[in-house]
Amino acid sequence: MQQHNDALIRAENLRKEYSHHHLFAKKSDSFIAVEDASFHIHRGETWALIGESGSGKSTIGRMLLSLVEPTSGTVVFDGNDVSTLSRPHKRDMRKRMQIVFQDSGSAFNPRRPVGEQIAFGLIQHNICPAPEARSRIIALLERVGLEASHYGRYAHEFSGGQKQRLGIARALATEPDFIVLDEPTAALDVSVQAQILNLLKDLQQERHLTMMLITHNLSLVEFMSDRAGVLDHGVLVESGFVDDMFRQPRSDITKKLLDAVLEPNVIGAA
Ligand code: ADP
Ligand code: MG
């Protein structure tokens, strides 16, 4: 267990309202996807954000990364309110925060070698010049369980598990401090899920990563996280230590999701 002393990222009263404009009715209505969410994630921990489909999990993840603008509320990253950062500082922050999602393979351009696409991120962020990028990406591919020869391959040549490894490699390329894992194993077989989760755990130790794990699967939470929050229709209804929460769930949604876990120890058994 690591020592968690301070927060790397902090959400303060985050709120997201989506508006739907009806072109012909000349009216618009709005929908509150996230209401007044406050939490913090300590350096080096994996904080889990739990909730059913549509509860607002991805919206929160995207607001943390500045991919979706909050309607109100604040994201504080490494002591700075991200909405007040200057352009160069914002660029620097973007590089330090990355995301891995369920279908990472679909984010690769099917017509370009995957290694080149990952290297492009490095060059774009001025992390290193092109000749060096190639060798760095090859080392990274090998670290996530792929091979040097995969550098020149195309996305469709990879299995689901390998695509997730590629997604992880791309997220790690800019040497981030914080990674949002948005249902990272939801599309994979259980045995492959365990491999990917073990890889993520090892990488976290090695690279001192802070992570947010978004999932509805409480067996993943048990395996990956000490602390978590539970979202129900955009409202953070419960948060605290996973052990306590699972032993004495307070919200109906936590009870429901616990009931859905038939074999709590499957993940990580491989
Ligand atoms: P989750 O990741 O928990 O499944 P999301 O954050 O994706 O939930 O979505 C929460 C709610 O917000 C859903 O009802 C979804 O339909 C709605 N929503 C998400 N993105 C948008 C958008 N860009 N415009 C309008 N509504 C959206
Ligand atoms: Mg989602």
# chains A, B, ... in the order shown; residues from 1 in each chain; ligands from 1
>>> closest_atom_pairs(of="chain A", to="ligand 1", cutoff="7 Å", atoms="only C-alpha atoms and all ligand atoms", output="tab-separated table")
residue	atom	partner	partner_atom_place_in_ligand_line	distance
A:Tyr18	CA	ligand 1	25 (C)	4.9
A:Ser19	CA	ligand 1	25 (C)	6.6
A:His20	CA	ligand 1	25 (C)	6.8
A:Ala33	CA	ligand 1	12 (O)	4.6
A:Gly51	CA	ligand 1	3 (O)	6.0
A:Glu52	CA	ligand 1	3 (O)	5.9
A:Ser53	CA	ligand 1	4 (O)	3.7
A:Gly54	CA	ligand 1	4 (O)	3.5
A:Ser55	CA	ligand 1	3 (O)	3.9
A:Gly56	CA	ligand 1	6 (O)	3.3
A:Lys57	CA	ligand 1	3 (O)	3.7
A:Ser58	CA	ligand 1	2 (O)	3.6
A:Thr59	CA	ligand 1	6 (O)	3.6
A:Ile60	CA	ligand 1	6 (O)	6.5
>>> residues_around(residues="Leu172 (chain A)", least_positions_apart="3", cutoff="10 Å", atoms="only C-alpha atoms", output="number ranges by chain")
A: 95-100, 118, 137, 140, 144, 166-169, 175-179, 203, 207, 209
>>> write_last_selection(atoms="N, CA, C and O atoms", output="PDB file, in the first residue's frame")
ATOM      1  N   LYS A  95      -1.308  17.338 -21.365  1.00  0.00           N
ATOM      2  CA  LYS A  95      -0.303  16.299 -21.532  1.00  0.00           C
ATOM      3  C   LYS A  95      -0.201  15.430 -20.287  1.00  0.00           C
ATOM      4  O   LYS A  95       0.086  14.243 -20.351  1.00  0.00           O
ATOM      5  N   ARG A  96      -0.477  16.026 -19.158  1.00  0.00           N
ATOM      6  CA  ARG A  96      -0.355  15.307 -17.881  1.00  0.00           C
ATOM      7  C   ARG A  96      -1.593  14.508 -17.502  1.00  0.00           C
ATOM      8  O   ARG A  96      -1.613  13.824 -16.490  1.00  0.00           O
ATOM      9  N   MET A  97      -2.676  14.659 -18.282  1.00  0.00           N
ATOM     10  CA  MET A  97      -3.924  13.944 -17.995  1.00  0.00           C
ATOM     11  C   MET A  97      -4.348  13.188 -19.234  1.00  0.00           C
ATOM     12  O   MET A  97      -4.441  13.773 -20.314  1.00  0.00           O
ATOM     13  N   GLN A  98      -4.589  11.883 -19.103  1.00  0.00           N
ATOM     14  CA  GLN A  98      -4.952  11.092 -20.276  1.00  0.00           C
ATOM     15  C   GLN A  98      -6.152  10.211 -19.977  1.00  0.00           C
ATOM     16  O   GLN A  98      -6.555  10.084 -18.818  1.00  0.00           O
ATOM     17  N   ILE A  99      -6.683   9.586 -21.019  1.00  0.00           N
ATOM     18  CA  ILE A  99      -7.858   8.723 -20.851  1.00  0.00           C
ATOM     19  C   ILE A  99      -7.686   7.412 -21.613  1.00  0.00           C
ATOM     20  O   ILE A  99      -7.077   7.389 -22.683  1.00  0.00           O
ATOM     21  N   VAL A 100      -8.177   6.354 -21.011  1.00  0.00           N
ATOM     22  CA  VAL A 100      -8.280   5.054 -21.678  1.00  0.00           C
ATOM     23  C   VAL A 100      -9.756   4.686 -21.614  1.00  0.00           C
ATOM     24  O   VAL A 100     -10.343   4.738 -20.536  1.00  0.00           O
ATOM     25  N   ILE A 118       0.842   6.864 -32.222  1.00  0.00           N
ATOM     26  CA  ILE A 118       1.217   7.112 -30.827  1.00  0.00           C
ATOM     27  C   ILE A 118       2.407   8.073 -30.785  1.00  0.00           C
ATOM     28  O   ILE A 118       2.445   9.011 -29.991  1.00  0.00           O
ATOM     29  N   ILE A 137       8.477   4.726 -28.369  1.00  0.00           N
ATOM     30  CA  ILE A 137       7.176   4.051 -28.510  1.00  0.00           C
ATOM     31  C   ILE A 137       7.370   2.538 -28.560  1.00  0.00           C
ATOM     32  O   ILE A 137       6.575   1.787 -27.981  1.00  0.00           O
ATOM     33  N   LEU A 140       7.736   1.349 -25.167  1.00  0.00           N
ATOM     34  CA  LEU A 140       6.433   1.432 -24.490  1.00  0.00           C
ATOM     35  C   LEU A 140       5.522   0.277 -24.915  1.00  0.00           C
ATOM     36  O   LEU A 140       4.847  -0.338 -24.079  1.00  0.00           O
ATOM     37  N   VAL A 144       3.862  -2.636 -22.399  1.00  0.00           N
ATOM     38  CA  VAL A 144       2.438  -2.964 -22.200  1.00  0.00           C
ATOM     39  C   VAL A 144       2.083  -4.348 -22.736  1.00  0.00           C
ATOM     40  O   VAL A 144       0.906  -4.707 -22.832  1.00  0.00           O
ATOM     41  N   LEU A 166      -2.790  -1.114 -26.627  1.00  0.00           N
ATOM     42  CA  LEU A 166      -2.409   0.033 -27.467  1.00  0.00           C
ATOM     43  C   LEU A 166      -2.949   1.337 -26.884  1.00  0.00           C
ATOM     44  O   LEU A 166      -2.252   2.356 -26.865  1.00  0.00           O
ATOM     45  N   GLY A 167      -4.189   1.286 -26.425  1.00  0.00           N
ATOM     46  CA  GLY A 167      -4.809   2.469 -25.828  1.00  0.00           C
ATOM     47  C   GLY A 167      -4.041   2.920 -24.586  1.00  0.00           C
ATOM     48  O   GLY A 167      -3.860   4.116 -24.350  1.00  0.00           O
ATOM     49  N   ILE A 168      -3.593   1.944 -23.813  1.00  0.00           N
ATOM     50  CA  ILE A 168      -2.811   2.254 -22.610  1.00  0.00           C
ATOM     51  C   ILE A 168      -1.460   2.856 -23.020  1.00  0.00           C
ATOM     52  O   ILE A 168      -1.017   3.848 -22.445  1.00  0.00           O
ATOM     53  N   ALA A 169      -0.836   2.269 -24.047  1.00  0.00           N
ATOM     54  CA  ALA A 169       0.447   2.811 -24.522  1.00  0.00           C
ATOM     55  C   ALA A 169       0.280   4.250 -24.979  1.00  0.00           C
ATOM     56  O   ALA A 169       1.097   5.118 -24.653  1.00  0.00           O
ATOM     57  N   GLU A 175       3.724  10.597 -20.736  1.00  0.00           N
ATOM     58  CA  GLU A 175       4.119  10.491 -19.331  1.00  0.00           C
ATOM     59  C   GLU A 175       3.197  11.281 -18.402  1.00  0.00           C
ATOM     60  O   GLU A 175       3.635  12.178 -17.678  1.00  0.00           O
ATOM     61  N   PRO A 176       1.916  10.914 -18.421  1.00  0.00           N
ATOM     62  CA  PRO A 176       0.939  11.641 -17.601  1.00  0.00           C
ATOM     63  C   PRO A 176       1.077  11.321 -16.118  1.00  0.00           C
ATOM     64  O   PRO A 176       1.697  10.325 -15.735  1.00  0.00           O
ATOM     65  N   ASP A 177       0.454  12.180 -15.304  1.00  0.00           N
ATOM     66  CA  ASP A 177       0.357  11.933 -13.865  1.00  0.00           C
ATOM     67  C   ASP A 177      -0.989  11.315 -13.523  1.00  0.00           C
ATOM     68  O   ASP A 177      -1.131  10.649 -12.512  1.00  0.00           O
ATOM     69  N   PHE A 178      -1.980  11.623 -14.368  1.00  0.00           N
ATOM     70  CA  PHE A 178      -3.357  11.235 -14.061  1.00  0.00           C
ATOM     71  C   PHE A 178      -3.989  10.569 -15.275  1.00  0.00           C
ATOM     72  O   PHE A 178      -3.871  11.071 -16.388  1.00  0.00           O
ATOM     73  N   ILE A 179      -4.657   9.440 -15.036  1.00  0.00           N
ATOM     74  CA  ILE A 179      -5.331   8.741 -16.128  1.00  0.00           C
ATOM     75  C   ILE A 179      -6.765   8.406 -15.721  1.00  0.00           C
ATOM     76  O   ILE A 179      -6.996   7.866 -14.641  1.00  0.00           O
ATOM     77  N   LEU A 203       1.726  -0.734 -13.803  1.00  0.00           N
ATOM     78  CA  LEU A 203       2.146   0.551 -14.386  1.00  0.00           C
ATOM     79  C   LEU A 203       1.942   1.679 -13.382  1.00  0.00           C
ATOM     80  O   LEU A 203       2.732   2.621 -13.311  1.00  0.00           O
ATOM     81  N   ARG A 207       5.028   4.021 -12.355  1.00  0.00           N
ATOM     82  CA  ARG A 207       5.019   5.389 -12.862  1.00  0.00           C
ATOM     83  C   ARG A 207       4.337   6.376 -11.933  1.00  0.00           C
ATOM     84  O   ARG A 207       4.069   7.514 -12.323  1.00  0.00           O
ATOM     85  N   LEU A 209       1.309   6.673 -10.956  1.00  0.00           N
ATOM     86  CA  LEU A 209       0.121   7.239 -11.585  1.00  0.00           C
ATOM     87  C   LEU A 209      -1.018   7.406 -10.588  1.00  0.00           C
ATOM     88  O   LEU A 209      -1.188   6.598  -9.680  1.00  0.00           O
TER      89      LEU A 209
END
>>> residues_around(residues="Leu14 (chain A)", least_positions_apart="2", cutoff="9 Å", atoms="only C-alpha atoms", output="list in words")
Ala11, Glu12, Lys16, Val34, Glu35, Asp36, Ala37, Ser38, Ile60, Met63, Pro70, Thr71, Ser72, Gly73, Thr74 and Val75 of chain A
>>> write_last_selection(atoms="N, CA, C and O atoms", output="PDB file, in the first residue's frame")
ATOM      1  N   ALA A  11     -12.474  17.825  -7.493  1.00  0.00           N
ATOM      2  CA  ALA A  11     -13.679  18.341  -8.153  1.00  0.00           C
ATOM      3  C   ALA A  11     -14.485  19.078  -7.099  1.00  0.00           C
ATOM      4  O   ALA A  11     -14.730  18.535  -6.021  1.00  0.00           O
ATOM      5  N   GLU A  12     -14.838  20.317  -7.412  1.00  0.00           N
ATOM      6  CA  GLU A  12     -15.600  21.106  -6.442  1.00  0.00           C
ATOM      7  C   GLU A  12     -16.936  21.524  -7.044  1.00  0.00           C
ATOM      8  O   GLU A  12     -16.962  22.315  -7.990  1.00  0.00           O
ATOM      9  N   LYS A  16     -23.123  19.595 -14.629  1.00  0.00           N
ATOM     10  CA  LYS A  16     -23.218  19.654 -16.086  1.00  0.00           C
ATOM     11  C   LYS A  16     -24.661  19.555 -16.520  1.00  0.00           C
ATOM     12  O   LYS A  16     -25.375  18.623 -16.173  1.00  0.00           O
ATOM     13  N   VAL A  34     -24.978  15.918 -14.342  1.00  0.00           N
ATOM     14  CA  VAL A  34     -24.171  15.830 -13.119  1.00  0.00           C
ATOM     15  C   VAL A  34     -24.546  17.003 -12.215  1.00  0.00           C
ATOM     16  O   VAL A  34     -24.611  18.150 -12.667  1.00  0.00           O
ATOM     17  N   GLU A  35     -24.808  16.677 -10.972  1.00  0.00           N
ATOM     18  CA  GLU A  35     -25.269  17.693 -10.036  1.00  0.00           C
ATOM     19  C   GLU A  35     -24.322  17.815  -8.851  1.00  0.00           C
ATOM     20  O   GLU A  35     -24.175  16.871  -8.082  1.00  0.00           O
ATOM     21  N   ASP A  36     -23.647  18.951  -8.748  1.00  0.00           N
ATOM     22  CA  ASP A  36     -22.939  19.290  -7.513  1.00  0.00           C
ATOM     23  C   ASP A  36     -22.008  18.187  -6.987  1.00  0.00           C
ATOM     24  O   ASP A  36     -22.067  17.831  -5.813  1.00  0.00           O
ATOM     25  N   ALA A  37     -21.155  17.670  -7.859  1.00  0.00           N
ATOM     26  CA  ALA A  37     -20.253  16.586  -7.440  1.00  0.00           C
ATOM     27  C   ALA A  37     -18.941  17.147  -6.889  1.00  0.00           C
ATOM     28  O   ALA A  37     -18.266  17.929  -7.556  1.00  0.00           O
ATOM     29  N   SER A  38     -18.603  16.734  -5.682  1.00  0.00           N
ATOM     30  CA  SER A  38     -17.335  17.128  -5.065  1.00  0.00           C
ATOM     31  C   SER A  38     -16.606  15.886  -4.567  1.00  0.00           C
ATOM     32  O   SER A  38     -17.204  15.041  -3.909  1.00  0.00           O
ATOM     33  N   ILE A  60     -18.410  13.209 -15.922  1.00  0.00           N
ATOM     34  CA  ILE A  60     -17.484  13.657 -14.871  1.00  0.00           C
ATOM     35  C   ILE A  60     -16.038  13.456 -15.318  1.00  0.00           C
ATOM     36  O   ILE A  60     -15.209  14.369 -15.205  1.00  0.00           O
ATOM     37  N   MET A  63     -15.125  16.052 -17.768  1.00  0.00           N
ATOM     38  CA  MET A  63     -14.960  17.390 -17.174  1.00  0.00           C
ATOM     39  C   MET A  63     -13.606  17.494 -16.472  1.00  0.00           C
ATOM     40  O   MET A  63     -12.952  18.539 -16.551  1.00  0.00           O
ATOM     41  N   PRO A  70     -17.560  22.191 -17.674  1.00  0.00           N
ATOM     42  CA  PRO A  70     -18.605  22.152 -16.646  1.00  0.00           C
ATOM     43  C   PRO A  70     -19.547  23.348 -16.793  1.00  0.00           C
ATOM     44  O   PRO A  70     -19.107  24.430 -17.187  1.00  0.00           O
ATOM     45  N   THR A  71     -20.815  23.148 -16.483  1.00  0.00           N
ATOM     46  CA  THR A  71     -21.762  24.266 -16.447  1.00  0.00           C
ATOM     47  C   THR A  71     -21.408  25.175 -15.274  1.00  0.00           C
ATOM     48  O   THR A  71     -21.448  26.396 -15.376  1.00  0.00           O
ATOM     49  N   SER A  72     -21.049  24.552 -14.162  1.00  0.00           N
ATOM     50  CA  SER A  72     -20.480  25.316 -13.050  1.00  0.00           C
ATOM     51  C   SER A  72     -19.633  24.381 -12.204  1.00  0.00           C
ATOM     52  O   SER A  72     -19.664  23.172 -12.386  1.00  0.00           O
ATOM     53  N   GLY A  73     -18.890  24.972 -11.299  1.00  0.00           N
ATOM     54  CA  GLY A  73     -17.994  24.170 -10.469  1.00  0.00           C
ATOM     55  C   GLY A  73     -16.564  24.252 -10.971  1.00  0.00           C
ATOM     56  O   GLY A  73     -16.295  24.862 -12.009  1.00  0.00           O
ATOM     57  N   THR A  74     -15.679  23.640 -10.223  1.00  0.00           N
ATOM     58  CA  THR A  74     -14.254  23.825 -10.462  1.00  0.00           C
ATOM     59  C   THR A  74     -13.520  22.500 -10.462  1.00  0.00           C
ATOM     60  O   THR A  74     -13.835  21.609  -9.683  1.00  0.00           O
ATOM     61  N   VAL A  75     -12.530  22.415 -11.351  1.00  0.00           N
ATOM     62  CA  VAL A  75     -11.591  21.298 -11.313  1.00  0.00           C
ATOM     63  C   VAL A  75     -10.234  21.871 -10.905  1.00  0.00           C
ATOM     64  O   VAL A  75      -9.734  22.797 -11.549  1.00  0.00           O
TER      65      VAL A  75
END
>>> atom_distance(atom1="CA of Val230 (chain A)", atom2="CA of Asp29 (chain A)")
26.7 Å
>>> closest_residue(among="A:Glu222, A:Glu157, A:Asp243, A:Asp232", to="Phe108 (chain A)", atoms="only C-alpha atoms")
A:Glu157
>>> atom_distance(atom1="CA of Trp47 (chain A)", atom2="CA of Met212 (chain A)")
4.9 Å
>>> decode(residues="region 68-102 of chain A", atoms="N, CA and C atoms", output="mmCIF file, in the first residue's frame")
data_model
loop_
_atom_site.group_PDB
_atom_site.id
_atom_site.type_symbol
_atom_site.label_atom_id
_atom_site.label_comp_id
_atom_site.auth_asym_id
_atom_site.auth_seq_id
_atom_site.Cartn_x
_atom_site.Cartn_y
_atom_site.Cartn_z
ATOM 1 N N VAL A 68 -15.002 18.188 -21.625
ATOM 2 C CA VAL A 68 -16.362 18.731 -21.529
ATOM 3 C C VAL A 68 -16.274 19.876 -20.539
ATOM 4 N N GLU A 69 -16.889 21.007 -20.905
ATOM 5 C CA GLU A 69 -16.814 22.160 -20.005
ATOM 6 C C GLU A 69 -17.917 22.074 -18.951
ATOM 7 N N PRO A 70 -17.560 22.191 -17.674
ATOM 8 C CA PRO A 70 -18.605 22.152 -16.646
ATOM 9 C C PRO A 70 -19.547 23.348 -16.793
ATOM 10 N N THR A 71 -20.815 23.148 -16.483
ATOM 11 C CA THR A 71 -21.762 24.266 -16.447
ATOM 12 C C THR A 71 -21.408 25.175 -15.274
ATOM 13 N N SER A 72 -21.049 24.552 -14.162
ATOM 14 C CA SER A 72 -20.480 25.316 -13.050
ATOM 15 C C SER A 72 -19.633 24.381 -12.204
ATOM 16 N N GLY A 73 -18.890 24.972 -11.299
ATOM 17 C CA GLY A 73 -17.994 24.170 -10.469
ATOM 18 C C GLY A 73 -16.564 24.252 -10.971
ATOM 19 N N THR A 74 -15.679 23.640 -10.223
ATOM 20 C CA THR A 74 -14.254 23.825 -10.462
ATOM 21 C C THR A 74 -13.520 22.500 -10.462
ATOM 22 N N VAL A 75 -12.530 22.415 -11.351
ATOM 23 C CA VAL A 75 -11.591 21.298 -11.313
ATOM 24 C C VAL A 75 -10.234 21.871 -10.905
ATOM 25 N N VAL A 76 -9.684 21.339 -9.838
ATOM 26 C CA VAL A 76 -8.366 21.793 -9.381
ATOM 27 C C VAL A 76 -7.381 20.654 -9.617
ATOM 28 N N PHE A 77 -6.391 20.917 -10.472
ATOM 29 C CA PHE A 77 -5.385 19.901 -10.776
ATOM 30 C C PHE A 77 -4.035 20.369 -10.271
ATOM 31 N N ASP A 78 -3.434 19.582 -9.417
ATOM 32 C CA ASP A 78 -2.128 19.908 -8.851
ATOM 33 C C ASP A 78 -2.090 21.342 -8.307
ATOM 34 N N GLY A 79 -3.164 21.692 -7.635
ATOM 35 C CA GLY A 79 -3.206 23.003 -6.973
ATOM 36 C C GLY A 79 -3.719 24.156 -7.816
ATOM 37 N N ASN A 80 -3.977 23.917 -9.125
ATOM 38 C CA ASN A 80 -4.436 25.002 -9.989
ATOM 39 C C ASN A 80 -5.861 24.787 -10.480
ATOM 40 N N ASP A 81 -6.655 25.836 -10.393
ATOM 41 C CA ASP A 81 -7.989 25.821 -10.989
ATOM 42 C C ASP A 81 -7.781 25.794 -12.514
ATOM 43 N N VAL A 82 -8.191 24.710 -13.170
ATOM 44 C CA VAL A 82 -7.832 24.556 -14.593
ATOM 45 C C VAL A 82 -8.500 25.604 -15.479
ATOM 46 N N SER A 83 -9.627 26.168 -15.025
ATOM 47 C CA SER A 83 -10.312 27.152 -15.870
ATOM 48 C C SER A 83 -9.543 28.468 -15.928
ATOM 49 N N THR A 84 -8.614 28.677 -15.018
ATOM 50 C CA THR A 84 -7.885 29.949 -14.998
ATOM 51 C C THR A 84 -6.481 29.819 -15.599
ATOM 52 N N LEU A 85 -6.139 28.630 -16.086
ATOM 53 C CA LEU A 85 -4.783 28.448 -16.616
ATOM 54 C C LEU A 85 -4.595 29.186 -17.940
ATOM 55 N N SER A 86 -3.399 29.684 -18.146
ATOM 56 C CA SER A 86 -3.075 30.309 -19.429
ATOM 57 C C SER A 86 -2.946 29.218 -20.480
ATOM 58 N N ARG A 87 -2.970 29.596 -21.751
ATOM 59 C CA ARG A 87 -2.909 28.629 -22.838
ATOM 60 C C ARG A 87 -1.729 27.653 -22.739
ATOM 61 N N PRO A 88 -0.515 28.145 -22.563
ATOM 62 C CA PRO A 88 0.599 27.184 -22.460
ATOM 63 C C PRO A 88 0.491 26.261 -21.248
ATOM 64 N N HIS A 89 -0.009 26.792 -20.151
ATOM 65 C CA HIS A 89 -0.174 25.942 -18.977
ATOM 66 C C HIS A 89 -1.259 24.889 -19.196
ATOM 67 N N LYS A 90 -2.283 25.299 -19.941
ATOM 68 C CA LYS A 90 -3.363 24.367 -20.244
ATOM 69 C C LYS A 90 -2.840 23.221 -21.119
ATOM 70 N N ARG A 91 -2.001 23.574 -22.072
ATOM 71 C CA ARG A 91 -1.379 22.554 -22.929
ATOM 72 C C ARG A 91 -0.559 21.571 -22.109
ATOM 73 N N ASP A 92 0.178 22.121 -21.198
ATOM 74 C CA ASP A 92 1.014 21.297 -20.335
ATOM 75 C C ASP A 92 0.145 20.373 -19.482
ATOM 76 N N MET A 93 -0.970 20.915 -19.005
ATOM 77 C CA MET A 93 -1.872 20.118 -18.174
ATOM 78 C C MET A 93 -2.505 18.983 -18.980
ATOM 79 N N ARG A 94 -2.900 19.273 -20.217
ATOM 80 C CA ARG A 94 -3.503 18.253 -21.090
ATOM 81 C C ARG A 94 -2.592 17.052 -21.254
ATOM 82 N N LYS A 95 -1.308 17.338 -21.365
ATOM 83 C CA LYS A 95 -0.303 16.299 -21.532
ATOM 84 C C LYS A 95 -0.201 15.430 -20.287
ATOM 85 N N ARG A 96 -0.477 16.026 -19.158
ATOM 86 C CA ARG A 96 -0.355 15.307 -17.881
ATOM 87 C C ARG A 96 -1.593 14.508 -17.502
ATOM 88 N N MET A 97 -2.676 14.659 -18.282
ATOM 89 C CA MET A 97 -3.924 13.944 -17.995
ATOM 90 C C MET A 97 -4.348 13.188 -19.234
ATOM 91 N N GLN A 98 -4.589 11.883 -19.103
ATOM 92 C CA GLN A 98 -4.952 11.092 -20.276
ATOM 93 C C GLN A 98 -6.152 10.211 -19.977
ATOM 94 N N ILE A 99 -6.683 9.586 -21.019
ATOM 95 C CA ILE A 99 -7.858 8.723 -20.851
ATOM 96 C C ILE A 99 -7.686 7.412 -21.613
ATOM 97 N N VAL A 100 -8.177 6.354 -21.011
ATOM 98 C CA VAL A 100 -8.280 5.054 -21.678
ATOM 99 C C VAL A 100 -9.756 4.686 -21.614
ATOM 100 N N PHE A 101 -10.349 4.372 -22.756
ATOM 101 C CA PHE A 101 -11.769 4.025 -22.690
ATOM 102 C C PHE A 101 -12.032 2.623 -23.221
ATOM 103 N N GLN A 102 -13.281 2.242 -23.145
ATOM 104 C CA GLN A 102 -13.706 0.879 -23.459
ATOM 105 C C GLN A 102 -13.227 0.401 -24.821
#
